[in-house]
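Enquirer: I'm passing along start_4.cif; it holds mmCIF, C-alpha atoms and all ligand atoms.
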```
data_final
#
loop_
_atom_site.label_atom_id
_atom_site.label_comp_id
_atom_site.auth_asym_id
_atom_site.auth_seq_id
_atom_site.Cartn_x
_atom_site.Cartn_y
_atom_site.Cartn_z
CA MET M 83 -15.75 -20.41 -2.30
CA PRO M 84 -14.00 -18.12 0.16
CA THR M 85 -12.78 -14.85 -1.25
CA LEU M 86 -9.21 -13.77 -0.87
CA TYR M 87 -10.40 -11.06 1.42
CA GLU M 88 -11.90 -13.69 3.68
CA GLN M 89 -8.60 -15.50 3.70
CA ARG M 90 -6.93 -12.29 4.70
CA GLU M 91 -9.62 -11.62 7.28
CA ASP M 92 -8.89 -15.07 8.67
CA ASP M 93 -5.40 -13.83 8.98
CA HIS M 94 -6.63 -10.81 10.77
CA PRO M 95 -7.07 -10.12 14.46
CA MET M 96 -10.62 -8.92 14.17
CA SER M 97 -11.86 -12.33 13.07
CA ASN M 98 -11.24 -13.55 16.62
CA GLU M 99 -12.67 -10.53 18.36
CA PRO M 100 -16.23 -10.14 19.67
CA PRO M 101 -18.66 -8.99 16.93
CA LYS M 102 -18.73 -5.41 18.16
CA LYS M 103 -15.07 -5.13 17.19
CA SER M 104 -15.34 -6.28 13.58
CA ILE M 105 -15.55 -3.43 11.11
CA ALA M 106 -18.86 -3.82 9.27
CA ALA M 107 -17.58 -1.88 6.25
CA GLY M 108 -15.32 -4.88 5.62
CA LYS M 109 -18.12 -6.56 3.65
CA VAL M 110 -18.27 -3.65 1.22
CA CYS M 111 -14.48 -3.57 1.01
CA LYS M 112 -14.49 -7.25 0.15
CA LYS M 113 -17.01 -6.70 -2.64
CA ILE M 114 -15.05 -3.80 -4.12
CA MET M 115 -11.91 -5.90 -4.21
CA ALA M 116 -13.75 -8.87 -5.74
CA ASP M 117 -15.42 -6.69 -8.38
CA HIS M 118 -12.05 -5.16 -9.21
CA PHE M 119 -10.62 -8.56 -10.10
CA TYR M 120 -13.75 -9.87 -11.86
CA GLU M 121 -13.88 -6.77 -14.05
CA LEU M 122 -10.21 -7.18 -14.99
CA ASP M 123 -10.62 -10.89 -15.63
CA GLU M 124 -13.59 -10.36 -17.90
CA ALA M 125 -11.83 -7.62 -19.85
CA ALA M 126 -8.75 -9.80 -20.25
CA ARG M 127 -10.83 -12.72 -21.53
CA THR M 128 -13.11 -10.76 -23.85
CA GLY M 129 -10.88 -7.85 -24.86
CA SER M 130 -13.72 -5.48 -23.94
CA ARG M 131 -11.43 -2.94 -22.25
CA LYS M 132 -7.74 -2.13 -22.41
CA ILE M 133 -5.77 -3.08 -19.30
CA ALA M 134 -2.87 -1.09 -17.87
CA TRP M 135 -0.64 -2.46 -15.18
CA CYS M 136 0.38 0.34 -12.89
CA THR M 137 2.76 0.69 -9.96
CA SER M 138 0.91 1.36 -6.72
CA VAL M 139 1.94 5.02 -6.65
CA GLY M 140 2.00 5.36 -10.42
CA PRO M 141 -0.11 7.69 -12.59
CA ALA M 142 -3.40 5.83 -12.04
CA GLU M 143 -5.57 8.91 -12.59
CA LEU M 144 -4.26 9.36 -16.11
CA LEU M 145 -4.91 5.70 -16.88
CA ARG M 146 -8.44 5.82 -15.46
CA GLY M 147 -9.07 9.07 -17.31
CA MET M 148 -8.01 7.40 -20.55
CA GLY M 149 -10.46 4.55 -20.06
CA PHE M 150 -8.07 1.79 -18.94
CA LEU M 151 -8.88 -0.77 -16.33
CA VAL M 152 -5.96 -0.64 -13.93
CA TYR M 153 -4.26 -3.63 -12.36
CA TYR M 154 -1.68 -3.23 -9.58
CA PRO M 155 0.93 -6.01 -9.39
CA GLU M 156 2.03 -4.83 -5.92
CA ASN M 157 -1.45 -5.64 -4.69
CA HIS M 158 -0.96 -9.14 -6.08
CA GLY M 159 2.44 -9.26 -4.35
CA ALA M 160 0.77 -8.37 -1.04
CA MET M 161 -1.74 -11.19 -1.61
CA LEU M 162 1.07 -13.62 -2.29
CA GLY M 163 2.57 -12.51 1.02
CA ALA M 164 -0.68 -12.59 2.99
CA THR M 165 -1.58 -16.06 1.74
CA ARG M 166 2.02 -17.17 2.44
CA MET M 167 2.39 -18.45 -1.11
CA ALA M 168 5.32 -16.09 -1.70
CA THR M 169 8.07 -17.95 0.10
CA GLU M 170 7.82 -21.08 -2.08
CA LEU M 171 7.46 -19.07 -5.32
CA ILE M 172 10.38 -16.66 -4.87
CA PRO M 173 13.06 -19.27 -5.76
CA TYR M 174 11.61 -19.66 -9.29
CA ALA M 175 12.40 -16.02 -10.00
CA ASN M 176 15.78 -16.41 -8.32
CA ALA M 177 16.50 -19.25 -10.74
CA MET M 178 15.87 -16.82 -13.63
CA GLY M 179 18.57 -14.51 -12.28
CA TYR M 180 16.47 -12.25 -10.07
CA SER M 181 18.35 -11.99 -6.78
CA PRO M 182 16.81 -13.09 -3.48
CA ASP M 183 17.94 -9.68 -2.18
CA ILE M 184 15.68 -7.62 -4.46
CA CYS M 185 12.01 -6.82 -3.87
CA SER M 186 10.12 -9.93 -2.80
CA TYR M 187 6.96 -8.55 -4.40
CA LEU M 188 8.84 -8.74 -7.69
CA THR M 189 10.33 -12.17 -7.11
CA SER M 190 7.18 -13.75 -5.66
CA ASP M 191 5.03 -12.25 -8.42
CA VAL M 192 7.32 -13.39 -11.24
CA GLY M 193 7.68 -16.78 -9.51
CA SER M 194 3.92 -17.03 -9.29
CA PHE M 195 3.56 -16.26 -12.99
CA LEU M 196 6.24 -18.77 -13.96
CA GLN M 197 4.50 -21.47 -11.91
CA GLY M 198 0.99 -20.52 -13.09
CA LYS M 199 -0.14 -20.11 -9.49
CA THR M 200 -2.03 -17.13 -8.14
CA PRO M 201 -4.04 -16.50 -4.96
CA LEU M 202 -6.76 -15.17 -7.30
CA THR M 203 -7.68 -18.76 -8.17
CA LYS M 204 -8.66 -19.83 -4.68
CA ALA M 205 -10.20 -16.48 -3.85
CA TYR M 206 -12.16 -15.70 -7.02
CA ASN M 207 -11.81 -18.73 -9.25
CA ILE M 208 -9.67 -16.61 -11.57
CA GLU M 209 -7.02 -18.57 -13.36
CA SER M 210 -4.40 -15.95 -13.98
CA VAL M 211 -3.51 -12.29 -13.56
CA PRO M 212 -4.99 -10.19 -16.41
CA ARG M 213 -2.86 -9.83 -19.53
CA PRO M 214 -1.62 -6.23 -19.86
CA ASP M 215 -1.97 -4.02 -22.93
CA VAL M 216 0.58 -1.63 -21.48
CA LEU M 217 2.73 -1.42 -18.34
CA VAL M 218 3.15 1.95 -16.63
CA PHE M 219 5.60 2.61 -13.79
CA ASN M 220 6.79 5.46 -11.66
CA THR M 221 10.20 5.07 -10.05
CA ASN M 222 9.21 7.37 -7.17
CA GLN M 223 9.23 4.34 -4.87
CA CYS M 224 12.16 2.30 -6.24
CA ARG M 225 13.86 1.00 -9.38
CA ASP M 226 12.56 -2.52 -8.76
CA VAL M 227 9.16 -1.65 -10.18
CA GLN M 228 10.68 -0.76 -13.54
CA ASP M 229 12.67 -3.98 -13.71
CA TRP M 230 9.64 -5.95 -12.56
CA PHE M 231 7.44 -4.48 -15.29
CA ALA M 232 10.22 -4.85 -17.85
CA TRP M 233 10.12 -8.61 -17.30
CA TYR M 234 6.41 -8.70 -18.21
CA ALA M 235 6.85 -6.25 -21.09
CA ARG M 236 9.36 -8.66 -22.63
CA HIS M 237 7.18 -11.65 -21.89
CA PHE M 238 3.96 -10.20 -23.36
CA GLY M 239 5.59 -8.02 -26.02
CA VAL M 240 3.64 -4.95 -24.92
CA PRO M 241 4.84 -1.37 -24.35
CA LEU M 242 6.54 -0.34 -21.11
CA VAL M 243 6.28 3.37 -20.33
CA GLY M 244 6.91 5.34 -17.20
CA VAL M 245 7.98 8.28 -15.14
CA HIS M 246 11.47 8.66 -13.68
CA THR M 247 11.15 10.55 -10.47
CA HIS M 248 13.66 12.49 -8.40
CA ARG M 249 14.56 10.66 -5.22
CA ASP M 250 15.93 11.55 -1.79
CA ILE M 251 14.39 15.00 -2.13
CA GLY M 252 14.47 17.62 0.61
CA LEU M 253 12.80 20.84 -0.37
CA ILE M 254 10.80 20.26 -3.52
CA ARG M 255 11.71 22.64 -6.34
CA MET M 256 9.51 23.83 -9.14
CA TYR M 257 11.87 22.39 -11.77
CA GLN M 258 11.23 18.94 -10.27
CA ILE M 259 7.46 19.35 -10.43
CA LYS M 260 7.63 20.71 -14.00
CA ASP M 261 9.83 17.79 -15.03
CA ILE M 262 7.47 15.15 -13.62
CA ALA M 263 4.36 16.92 -14.95
CA GLN M 264 5.95 16.91 -18.41
CA GLN M 265 6.86 13.25 -18.12
CA ILE M 266 3.26 12.40 -17.19
CA GLU M 267 1.95 14.48 -20.09
CA ASP M 268 4.39 12.75 -22.43
CA LEU M 269 2.70 9.46 -21.59
CA VAL M 270 -0.50 10.62 -23.28
CA PRO M 271 0.44 9.95 -26.94
CA GLN M 272 2.02 6.64 -25.97
CA LEU M 273 -1.16 5.60 -24.20
CA GLU M 274 -3.37 6.90 -27.02
CA ALA M 275 -1.48 4.53 -29.29
CA VAL M 276 -2.68 1.68 -27.06
CA THR M 277 -6.30 2.79 -26.60
CA GLY M 278 -6.70 4.02 -30.18
CA GLU M 279 -8.79 6.84 -28.76
CA PRO M 280 -8.03 10.54 -28.39
CA PHE M 281 -7.23 11.88 -24.94
CA ASP M 282 -10.26 13.47 -23.23
CA MET M 283 -9.22 16.19 -20.79
CA ASP M 284 -12.61 16.31 -19.03
CA ARG M 285 -12.56 12.60 -18.34
CA PHE M 286 -9.03 12.89 -17.00
CA LYS M 287 -10.00 15.76 -14.70
CA GLU M 288 -12.93 13.74 -13.43
CA ALA M 289 -10.60 10.85 -12.48
CA VAL M 290 -8.25 13.29 -10.73
CA GLU M 291 -11.14 14.71 -8.73
CA LEU M 292 -12.40 11.25 -7.73
CA SER M 293 -8.91 10.28 -6.67
CA ARG M 294 -8.52 13.50 -4.68
CA ARG M 295 -11.79 12.84 -2.85
CA THR M 296 -10.78 9.25 -2.10
CA SER M 297 -7.51 10.55 -0.68
CA VAL M 298 -9.13 13.17 1.52
CA LEU M 299 -11.48 10.54 2.93
CA TRP M 300 -8.73 7.97 3.39
CA ARG M 301 -6.70 10.55 5.31
CA ALA M 302 -9.70 11.21 7.55
CA CYS M 303 -10.05 7.47 8.22
CA LEU M 304 -6.38 7.16 9.13
CA GLU M 305 -6.44 10.26 11.29
CA SER M 306 -9.38 8.90 13.25
CA ALA M 307 -6.74 6.76 14.99
CA GLY M 308 -5.64 9.97 16.73
CA ALA M 309 -8.59 9.38 19.08
CA VAL M 310 -7.82 7.78 22.44
CA PRO M 311 -8.65 4.93 22.49
CA SER M 312 -8.12 4.34 18.80
CA PRO M 313 -11.12 2.95 16.92
CA TRP M 314 -8.92 0.79 14.69
CA THR M 315 -5.37 -0.42 14.25
CA PHE M 316 -2.68 -0.39 11.61
CA PHE M 317 -3.51 -4.04 10.97
CA ASP M 318 -7.13 -3.12 10.15
CA ALA M 319 -5.94 -0.31 7.92
CA THR M 320 -3.78 -2.65 5.84
CA ILE M 321 -7.01 -4.41 4.84
CA HIS M 322 -9.21 -1.34 4.40
CA MET M 323 -6.63 0.49 2.30
CA GLY M 324 -7.48 -1.85 -0.60
CA PRO M 325 -9.96 0.53 -2.26
CA ALA M 326 -7.63 3.54 -1.73
CA VAL M 327 -5.08 1.66 -3.84
CA VAL M 328 -7.11 -0.14 -6.50
CA ALA M 329 -10.24 2.04 -6.72
CA ARG M 330 -8.72 5.49 -6.59
CA GLY M 331 -10.03 7.57 -9.45
CA THR M 332 -13.42 5.81 -9.29
CA ALA M 333 -16.77 6.62 -7.69
CA GLU M 334 -16.66 3.29 -5.82
CA GLY M 335 -13.48 4.35 -4.06
CA VAL M 336 -15.07 7.59 -2.89
CA SER M 337 -18.27 5.90 -1.79
CA TYR M 338 -16.45 3.24 0.23
CA TYR M 339 -14.79 5.75 2.52
CA GLU M 340 -17.54 8.39 2.49
CA ASP M 341 -20.55 6.12 3.03
CA HIS M 342 -19.08 3.17 4.89
CA LEU M 343 -15.70 3.21 6.59
CA LEU M 344 -15.39 6.80 7.80
CA PRO M 345 -18.89 7.03 9.33
CA GLU M 346 -18.28 3.73 11.11
CA LEU M 347 -14.97 4.88 12.56
CA GLU M 348 -16.52 8.18 13.64
CA GLN M 349 -19.34 6.31 15.34
CA ARG M 350 -16.81 4.13 17.15
CA ILE M 351 -15.07 7.23 18.46
CA LYS M 352 -18.41 8.64 19.67
CA ASP M 353 -19.19 5.34 21.39
CA GLY M 354 -15.72 5.06 22.88
CA VAL M 355 -15.11 1.73 21.12
CA ALA M 356 -11.47 0.71 21.44
CA ALA M 357 -9.91 -1.49 18.78
CA VAL M 358 -7.63 -2.85 21.53
CA GLU M 359 -9.57 -3.37 24.73
CA GLY M 360 -7.94 -1.53 27.62
CA GLU M 361 -5.51 0.32 25.32
CA ARG M 362 -2.40 1.12 27.40
CA HIS M 363 0.22 1.82 24.75
CA ARG M 364 0.15 3.33 21.29
CA LEU M 365 2.79 2.61 18.65
CA TYR M 366 3.75 3.83 15.19
CA TRP M 367 4.73 1.25 12.56
CA GLU M 368 7.46 2.44 10.22
CA GLY M 369 8.09 0.32 7.15
CA MET M 370 6.38 -2.40 5.17
CA PRO M 371 3.80 -4.77 6.70
CA ILE M 372 4.92 -8.37 7.21
CA TRP M 373 2.03 -9.64 5.12
CA GLY M 374 2.21 -13.27 6.15
CA LYS M 375 2.23 -12.43 9.86
CA LEU M 376 -0.41 -9.75 10.26
CA ARG M 377 -2.61 -11.85 12.48
CA PRO M 378 -0.03 -13.13 14.97
CA LEU M 379 1.48 -9.66 15.27
CA ALA M 380 -1.91 -8.03 15.78
CA GLU M 381 -2.81 -10.64 18.38
CA GLN M 382 0.42 -10.21 20.24
CA PHE M 383 0.08 -6.43 20.38
CA ALA M 384 -3.56 -6.72 21.46
CA SER M 385 -2.61 -9.17 24.22
CA LEU M 386 -0.10 -6.59 25.43
CA LYS M 387 -2.86 -3.91 25.44
CA THR M 388 -0.94 -2.11 22.73
CA CYS M 389 -2.53 -0.49 19.70
CA VAL M 390 -0.43 0.14 16.63
CA VAL M 391 -2.26 3.31 15.70
CA ALA M 392 -0.55 4.59 12.60
CA SER M 393 2.02 3.85 9.92
CA THR M 394 3.91 5.52 7.14
CA TYR M 395 2.85 2.66 4.88
CA CYS M 396 -0.91 3.24 5.03
CA ASN M 397 -0.36 7.01 4.79
CA SER M 398 1.38 6.49 1.46
CA TRP M 399 -1.93 6.53 -0.43
CA ILE M 400 -2.89 10.05 0.57
CA PHE M 401 -2.72 12.21 -2.53
CA ASP M 402 -4.81 15.17 -1.52
CA GLN M 403 -2.56 17.56 -3.45
CA LEU M 404 -4.47 16.39 -6.55
CA ASP M 405 -6.38 19.21 -8.20
CA PRO M 406 -8.58 18.76 -11.28
CA ALA M 407 -8.00 22.42 -12.20
CA ASP M 408 -4.31 21.61 -12.72
CA PRO M 409 -4.26 17.86 -13.27
CA PHE M 410 -0.74 17.21 -14.62
CA GLU M 411 1.09 19.48 -12.22
CA SER M 412 -0.94 18.43 -9.20
CA MET M 413 -0.32 14.78 -10.04
CA ALA M 414 3.37 15.56 -10.30
CA ARG M 415 3.25 17.20 -6.88
CA ALA M 416 1.28 14.36 -5.28
CA TYR M 417 3.64 11.70 -6.62
CA THR M 418 6.79 13.66 -5.79
CA GLU M 419 5.89 14.77 -2.28
CA LEU M 420 5.54 11.11 -1.36
CA PHE M 421 7.37 10.07 1.85
CA ILE M 422 9.38 7.34 0.13
CA ALA M 423 10.89 9.80 -2.36
CA ARG M 424 12.12 12.21 0.35
CA ASP M 425 15.34 12.68 2.28
CA GLU M 426 15.99 11.63 5.87
CA ALA M 427 15.42 15.10 7.31
CA TYR M 428 11.97 15.34 5.70
CA LYS M 429 11.06 11.83 6.84
CA GLU M 430 12.01 12.58 10.42
CA LYS M 431 9.97 15.79 10.37
CA TYR M 432 7.03 13.85 8.95
CA ILE M 433 7.13 11.20 11.67
CA ALA M 434 7.46 13.96 14.30
CA GLN M 435 4.22 15.45 12.94
CA CYS M 436 2.58 12.03 13.18
CA TYR M 437 3.76 11.88 16.78
CA GLU M 438 1.77 15.04 17.53
CA LEU M 439 -1.29 13.70 15.77
CA PHE M 440 -1.37 10.10 16.92
CA LYS M 441 0.11 10.47 20.39
CA PHE M 442 2.15 7.26 20.23
CA ASP M 443 4.66 6.27 22.87
CA GLY M 444 7.02 4.15 20.78
CA ILE M 445 8.02 3.39 17.19
CA VAL M 446 8.52 -0.02 15.59
CA PHE M 447 10.84 0.01 12.59
CA HIS M 448 10.47 -2.94 10.25
CA ASP M 449 13.75 -3.62 8.49
CA ALA M 450 12.42 -5.45 5.43
CA LYS M 451 15.28 -7.45 3.98
CA THR M 452 14.25 -7.02 0.35
CA CYS M 453 12.98 -3.45 0.49
CA PRO M 454 15.67 -0.97 1.47
CA ASN M 455 13.43 1.76 0.09
CA ASN M 456 10.87 1.28 2.83
CA SER M 457 13.30 0.37 5.61
CA ASN M 458 14.20 3.62 7.30
CA ASN M 459 16.17 2.22 10.21
CA ARG M 460 19.43 1.76 8.35
CA TYR M 461 21.01 5.21 8.62
CA GLY M 462 20.48 6.09 12.28
CA MET M 463 16.89 7.33 12.08
CA PRO M 464 15.59 5.30 15.07
CA GLU M 465 18.30 6.77 17.27
CA ARG M 466 17.75 10.34 16.06
CA LEU M 467 13.95 10.15 16.27
CA GLY M 468 14.06 8.40 19.63
CA ARG M 469 16.18 11.24 21.01
CA ALA M 470 14.15 14.00 19.37
CA LEU M 471 10.75 12.67 20.42
CA GLY M 472 11.79 11.06 23.67
CA VAL M 473 10.21 7.74 22.72
CA PRO M 474 11.80 4.29 22.57
CA THR M 475 12.15 2.52 19.24
CA LEU M 476 12.36 -1.12 18.27
CA THR M 477 13.68 -2.60 15.04
CA ILE M 478 12.22 -5.89 13.82
CA ASN M 479 14.08 -7.76 11.10
CA GLY M 480 11.79 -9.36 8.58
CA ASP M 481 10.38 -8.94 5.11
CA LEU M 482 7.19 -8.01 3.32
CA CYS M 483 6.78 -11.42 1.65
CA ASP M 484 9.81 -13.62 2.20
CA LEU M 485 9.20 -15.27 5.55
CA ARG M 486 12.63 -16.92 5.43
CA CYS M 487 13.92 -13.49 6.51
CA TYR M 488 11.72 -13.35 9.58
CA SER M 489 12.26 -15.06 12.90
CA GLU M 490 8.88 -15.09 14.61
CA GLU M 491 10.27 -16.18 17.98
CA GLN M 492 12.87 -13.46 18.00
CA ALA M 493 10.36 -10.79 16.99
CA LYS M 494 7.94 -11.97 19.67
CA THR M 495 10.58 -11.79 22.39
CA ASN M 496 11.74 -8.37 21.23
CA ILE M 497 8.19 -7.00 21.17
CA GLU M 498 7.51 -8.32 24.67
CA ALA M 499 10.71 -6.72 25.98
CA PHE M 500 9.84 -3.47 24.23
CA ILE M 501 6.39 -3.28 25.82
CA GLU M 502 7.92 -4.06 29.22
CA GLN M 503 10.22 -1.11 28.62
CA LEU M 504 7.15 1.06 27.91
CA GLU M 505 5.49 -0.20 31.10
CA GLU M 506 8.51 0.94 33.07
S1 LIG J 1 9.12 0.01 -2.63
FE1 LIG J 1 9.94 -1.90 -1.81
S2 LIG J 1 8.21 -3.28 -1.68
FE2 LIG J 1 7.60 -1.59 -3.01
S3 LIG J 1 8.05 -2.35 -5.06
FE3 LIG J 1 9.85 -1.19 -4.38
S4 LIG J 1 11.25 -2.67 -3.43
FE4 LIG J 1 9.21 -3.62 -3.64
#
```
Could you take the file, read its structure, and then write that structure out as structure tokens?
Ligand code: SF4
Expert:
Amino acid sequence: MPTLYEQREDDHPMSNEPPKKSIAAGKVCKKIMADHFYELDEAARTGSRKIAWCTSVGPAELLRGMGFLVYYPENHGAMLGATRMATELIPYANAMGYSPDICSYLTSDVGSFLQGKTPLTKAYNIESVPRPDVLVFNTNQCRDVQDWFAWYARHFGVPLVGVHTHRDIGLIRMYQIKDIAQQIEDLVPQLEAVTGEPFDMDRFKEAVELSRRTSVLWRACLESAGAVPSPWTFFDATIHMGPAVVARGTAEGVSYYEDHLLPELEQRIKDGVAAVEGERHRLYWEGMPIWGKLRPLAEQFASLKTCVVASTYCNSWIFDQLDPADPFESMARAYTELFIARDEAYKEKYIAQCYELFKFDGIVFHDAKTCPNNSNNRYGMPERLGRALGVPTLTINGDLCDLRCYSEEQAKTNIEAFIEQLEE
């Protein structure tokens, strides 16, 4: 039985590349992802462990530290997109009153649940997503996650708890950090009521430290793309970020990047291995991936000798502000300093720093129809950044999961024209 990861690898440019180009660590990544789902499935069937559903940039360290197994519905949403199941499932959520204009992770995930269909079945022979004991959100990314989780909380009759984060933040103030730290701390008694066990500060600190180490290593992997030529692409990173999302706060997450992926990328740099043979252009991807079109996009860029070297999206799982000596406040800082929660001026400064690091010569903005939160092209940023950095920008209209919002032909033509512009 093929695993989901294999399906995604099929959908991935490296599967068609000569063997020297495939990232060997992928096998370990695949196992970590499989084990993650098997562990959850077993716990859901036997009741051996409590399961918390958590938003992808939610307080995972606290949940790990309190002994929960953690399931990330956004990860499931990305799978629905990558396997192209999403588009047919979204209308079932629309029929329940959830607009086609809101997050297509939400609508495809709810649609998938309503239809009893999940990519986990084909990939892992798992019948259904694991039943939650509690749902925990952080609105730092958007309000959709709260509404999404509220649907399941009503369905399963389990508690919904969360953190309401400041948004559109410029300079971060201490009152904001104190507020979020207090909100995270206030989750403790609510979660104790679910686990039936007292909070253990040492265990929590250990999870924070493991998450911090995972983040530091993940950053190093991403920054390896600053090398010319780049040893990997944004499209590779969307696959290898799996453990940084689902295994943060665990020893497996640390080991994946420390013992496998990072050494391999460093070796590639030493050996001068280019992810895109004959790399001529380097681009930055701003916005969500188009999950169902990773492979064709990666192939097109590779055929144009263009490496998409970095992205805001993959950088979003760097939480190296975490500090076990000050776990609540450092978590508050990590989850508030997040790109998506910041104002335009901060975001532009951030991308300008990436420009220095990754030496790209153009930026692709993905305007994802159902995710305004991660579509930063809508208020003049491409024009401002293009002027400030002296690089051309391209906006592609599409979506993370809903392929009805994406015209492949149009995107292809626009990308070709954009690379011609770079050639000139
Ligand atoms: S940030 Fe965008 S993609 Fe992520 S959950 Fe919110 S609306 Fe969906």
Enquirer: At a cut-off of 6 Å and counting only C-alpha atoms and all ligand atoms, what residues surround ligand LIG 1 (chain J)? Please answer as a list of chain:residue names.
Expert: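 Result of the 6 Å neighbour search around ligand LIG 1 (chain J): M:Cys185, M:Tyr187, M:Gln223, M:Cys224, M:Asp226, M:Val227, M:Cys453, M:Asn455, M:Asn456.
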Enquirer: Write out as CSV a residue-level contact list of region 171-221 of chain M versus region 151-154 of chain M with cut-off 12 Å: for each qualifying residue the closest pair of atoms and the distance in Å to one decimal, counting only C-alpha atoms, rows sorted by chain and residue number upward.
Expert:
```
residue,atom,partner,partner_atom,distance
M:Tyr187,CA,M:Tyr154,CA,11.4
M:Asp191,CA,M:Tyr154,CA,11.3
M:Val211,CA,M:Tyr153,CA,8.8
M:Pro212,CA,M:Tyr153,CA,7.7
M:Arg213,CA,M:Tyr153,CA,9.6
M:Pro214,CA,M:Tyr153,CA,8.4
M:Asp215,CA,M:Leu151,CA,10.1
M:Val216,CA,M:Val152,CA,10.0
M:Leu217,CA,M:Tyr153,CA,9.5
M:Val218,CA,M:Val152,CA,9.8
M:Phe219,CA,M:Tyr154,CA,10.2
```
Enquirer: List the spatial neighbours of region 116-122 of chain M as a list in words - criterion: any atom at most 9 Å away, only C-alpha atoms, same-chain residues fewer than 3 positions off excluded.
Expert: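 The residues that qualify are Thr85, Leu86, Tyr87, Cys111, Lys112, Lys113, Ala125, Ala126, Arg127, Arg131, Ile133, Leu151, Val152, Tyr153, Leu202, Ala205, Tyr206, Ile208, Val211, Pro212, Val328 and Ala329 of chain M.
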Enquirer: Please provide as number ranges by chain all residues within 10 Å of Gln503 (chain M), with the sequence filter that same-chain residues fewer than 6 positions apart are discarded (counting all atoms listed in the file).
Expert: M: 444, 474, 497
Enquirer: With the cut-off set at 12 Å and counting all atoms listed in the file, tabulate each residue of region 332-378 of chain M with an atom at most that distance from an atom of region 282-290 of chain M, showing the nearest atom pair and its distance in Å to one decimal, ordered by chain and increasing number, as JSON lines.
Expert:
```
{"residue": "M:Thr332", "atom": "CA", "partner": "M:Ala289", "partner_atom": "CA", "distance": 6.6}
{"residue": "M:Ala333", "atom": "CA", "partner": "M:Ala289", "partner_atom": "CA", "distance": 8.9}
{"residue": "M:Glu334", "atom": "CA", "partner": "M:Ala289", "partner_atom": "CA", "distance": 11.8}
{"residue": "M:Gly335", "atom": "CA", "partner": "M:Ala289", "partner_atom": "CA", "distance": 11.0}
{"residue": "M:Val336", "atom": "CA", "partner": "M:Ala289", "partner_atom": "CA", "distance": 11.1}
```
Enquirer: Quick check, in Å to one decimal: how far apart do CA of Pro325 (chain M) and CA of Val390 (chain M) lie?
Expert: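 For CA of Pro325 (chain M) relative to CA of Val390 (chain M), the distance reads 21.2 Å.
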Enquirer: Env of region 381-386 of chain M: 12 Å cut, atoms = all atoms listed in the file, seq-sep filter 2 positions within chain, self excluded. Answer as a VMD selection string.
Expert: chain M and resid 93 to 99 314 to 318 356 to 365 367 375 to 379 388 to 391 446 490 to 491 493 to 502 504 to 505
Enquirer: The selected residues should be written to file as a CSV table (one decimal), keeping the file's coordinate frame (atoms: C-alpha atoms).
Expert:
```
chain,number,residue,atom,x,y,z
M,93,ASP,CA,-5.4,-13.8,9.0
M,94,HIS,CA,-6.6,-10.8,10.8
M,95,PRO,CA,-7.1,-10.1,14.5
M,96,MET,CA,-10.6,-8.9,14.2
M,97,SER,CA,-11.9,-12.3,13.1
M,98,ASN,CA,-11.2,-13.6,16.6
M,99,GLU,CA,-12.7,-10.5,18.4
M,314,TRP,CA,-8.9,0.8,14.7
M,315,THR,CA,-5.4,-0.4,14.2
M,316,PHE,CA,-2.7,-0.4,11.6
M,317,PHE,CA,-3.5,-4.0,11.0
M,318,ASP,CA,-7.1,-3.1,10.2
M,356,ALA,CA,-11.5,0.7,21.4
M,357,ALA,CA,-9.9,-1.5,18.8
M,358,VAL,CA,-7.6,-2.8,21.5
M,359,GLU,CA,-9.6,-3.4,24.7
M,360,GLY,CA,-7.9,-1.5,27.6
M,361,GLU,CA,-5.5,0.3,25.3
M,362,ARG,CA,-2.4,1.1,27.4
M,363,HIS,CA,0.2,1.8,24.8
M,364,ARG,CA,0.2,3.3,21.3
M,365,LEU,CA,2.8,2.6,18.6
M,367,TRP,CA,4.7,1.2,12.6
M,375,LYS,CA,2.2,-12.4,9.9
M,376,LEU,CA,-0.4,-9.8,10.3
M,377,ARG,CA,-2.6,-11.8,12.5
M,378,PRO,CA,0.0,-13.1,15.0
M,379,LEU,CA,1.5,-9.7,15.3
M,388,THR,CA,-0.9,-2.1,22.7
M,389,CYS,CA,-2.5,-0.5,19.7
M,390,VAL,CA,-0.4,0.1,16.6
M,391,VAL,CA,-2.3,3.3,15.7
M,446,VAL,CA,8.5,0.0,15.6
M,490,GLU,CA,8.9,-15.1,14.6
M,491,GLU,CA,10.3,-16.2,18.0
M,493,ALA,CA,10.4,-10.8,17.0
M,494,LYS,CA,7.9,-12.0,19.7
M,495,THR,CA,10.6,-11.8,22.4
M,496,ASN,CA,11.7,-8.4,21.2
M,497,ILE,CA,8.2,-7.0,21.2
M,498,GLU,CA,7.5,-8.3,24.7
M,499,ALA,CA,10.7,-6.7,26.0
M,500,PHE,CA,9.8,-3.5,24.2
M,501,ILE,CA,6.4,-3.3,25.8
M,502,GLU,CA,7.9,-4.1,29.2
M,504,LEU,CA,7.2,1.1,27.9
M,505,GLU,CA,5.5,-0.2,31.1
```
Enquirer: May I ask which of the residues M:Gly147, M:Glu340, M:Met167, M:Ile372 is the closest one to Leu273 (chain M), counting all atoms listed in the file?
Expert: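 For Leu273 (chain M), the nearest of the given residues is M:Gly147.
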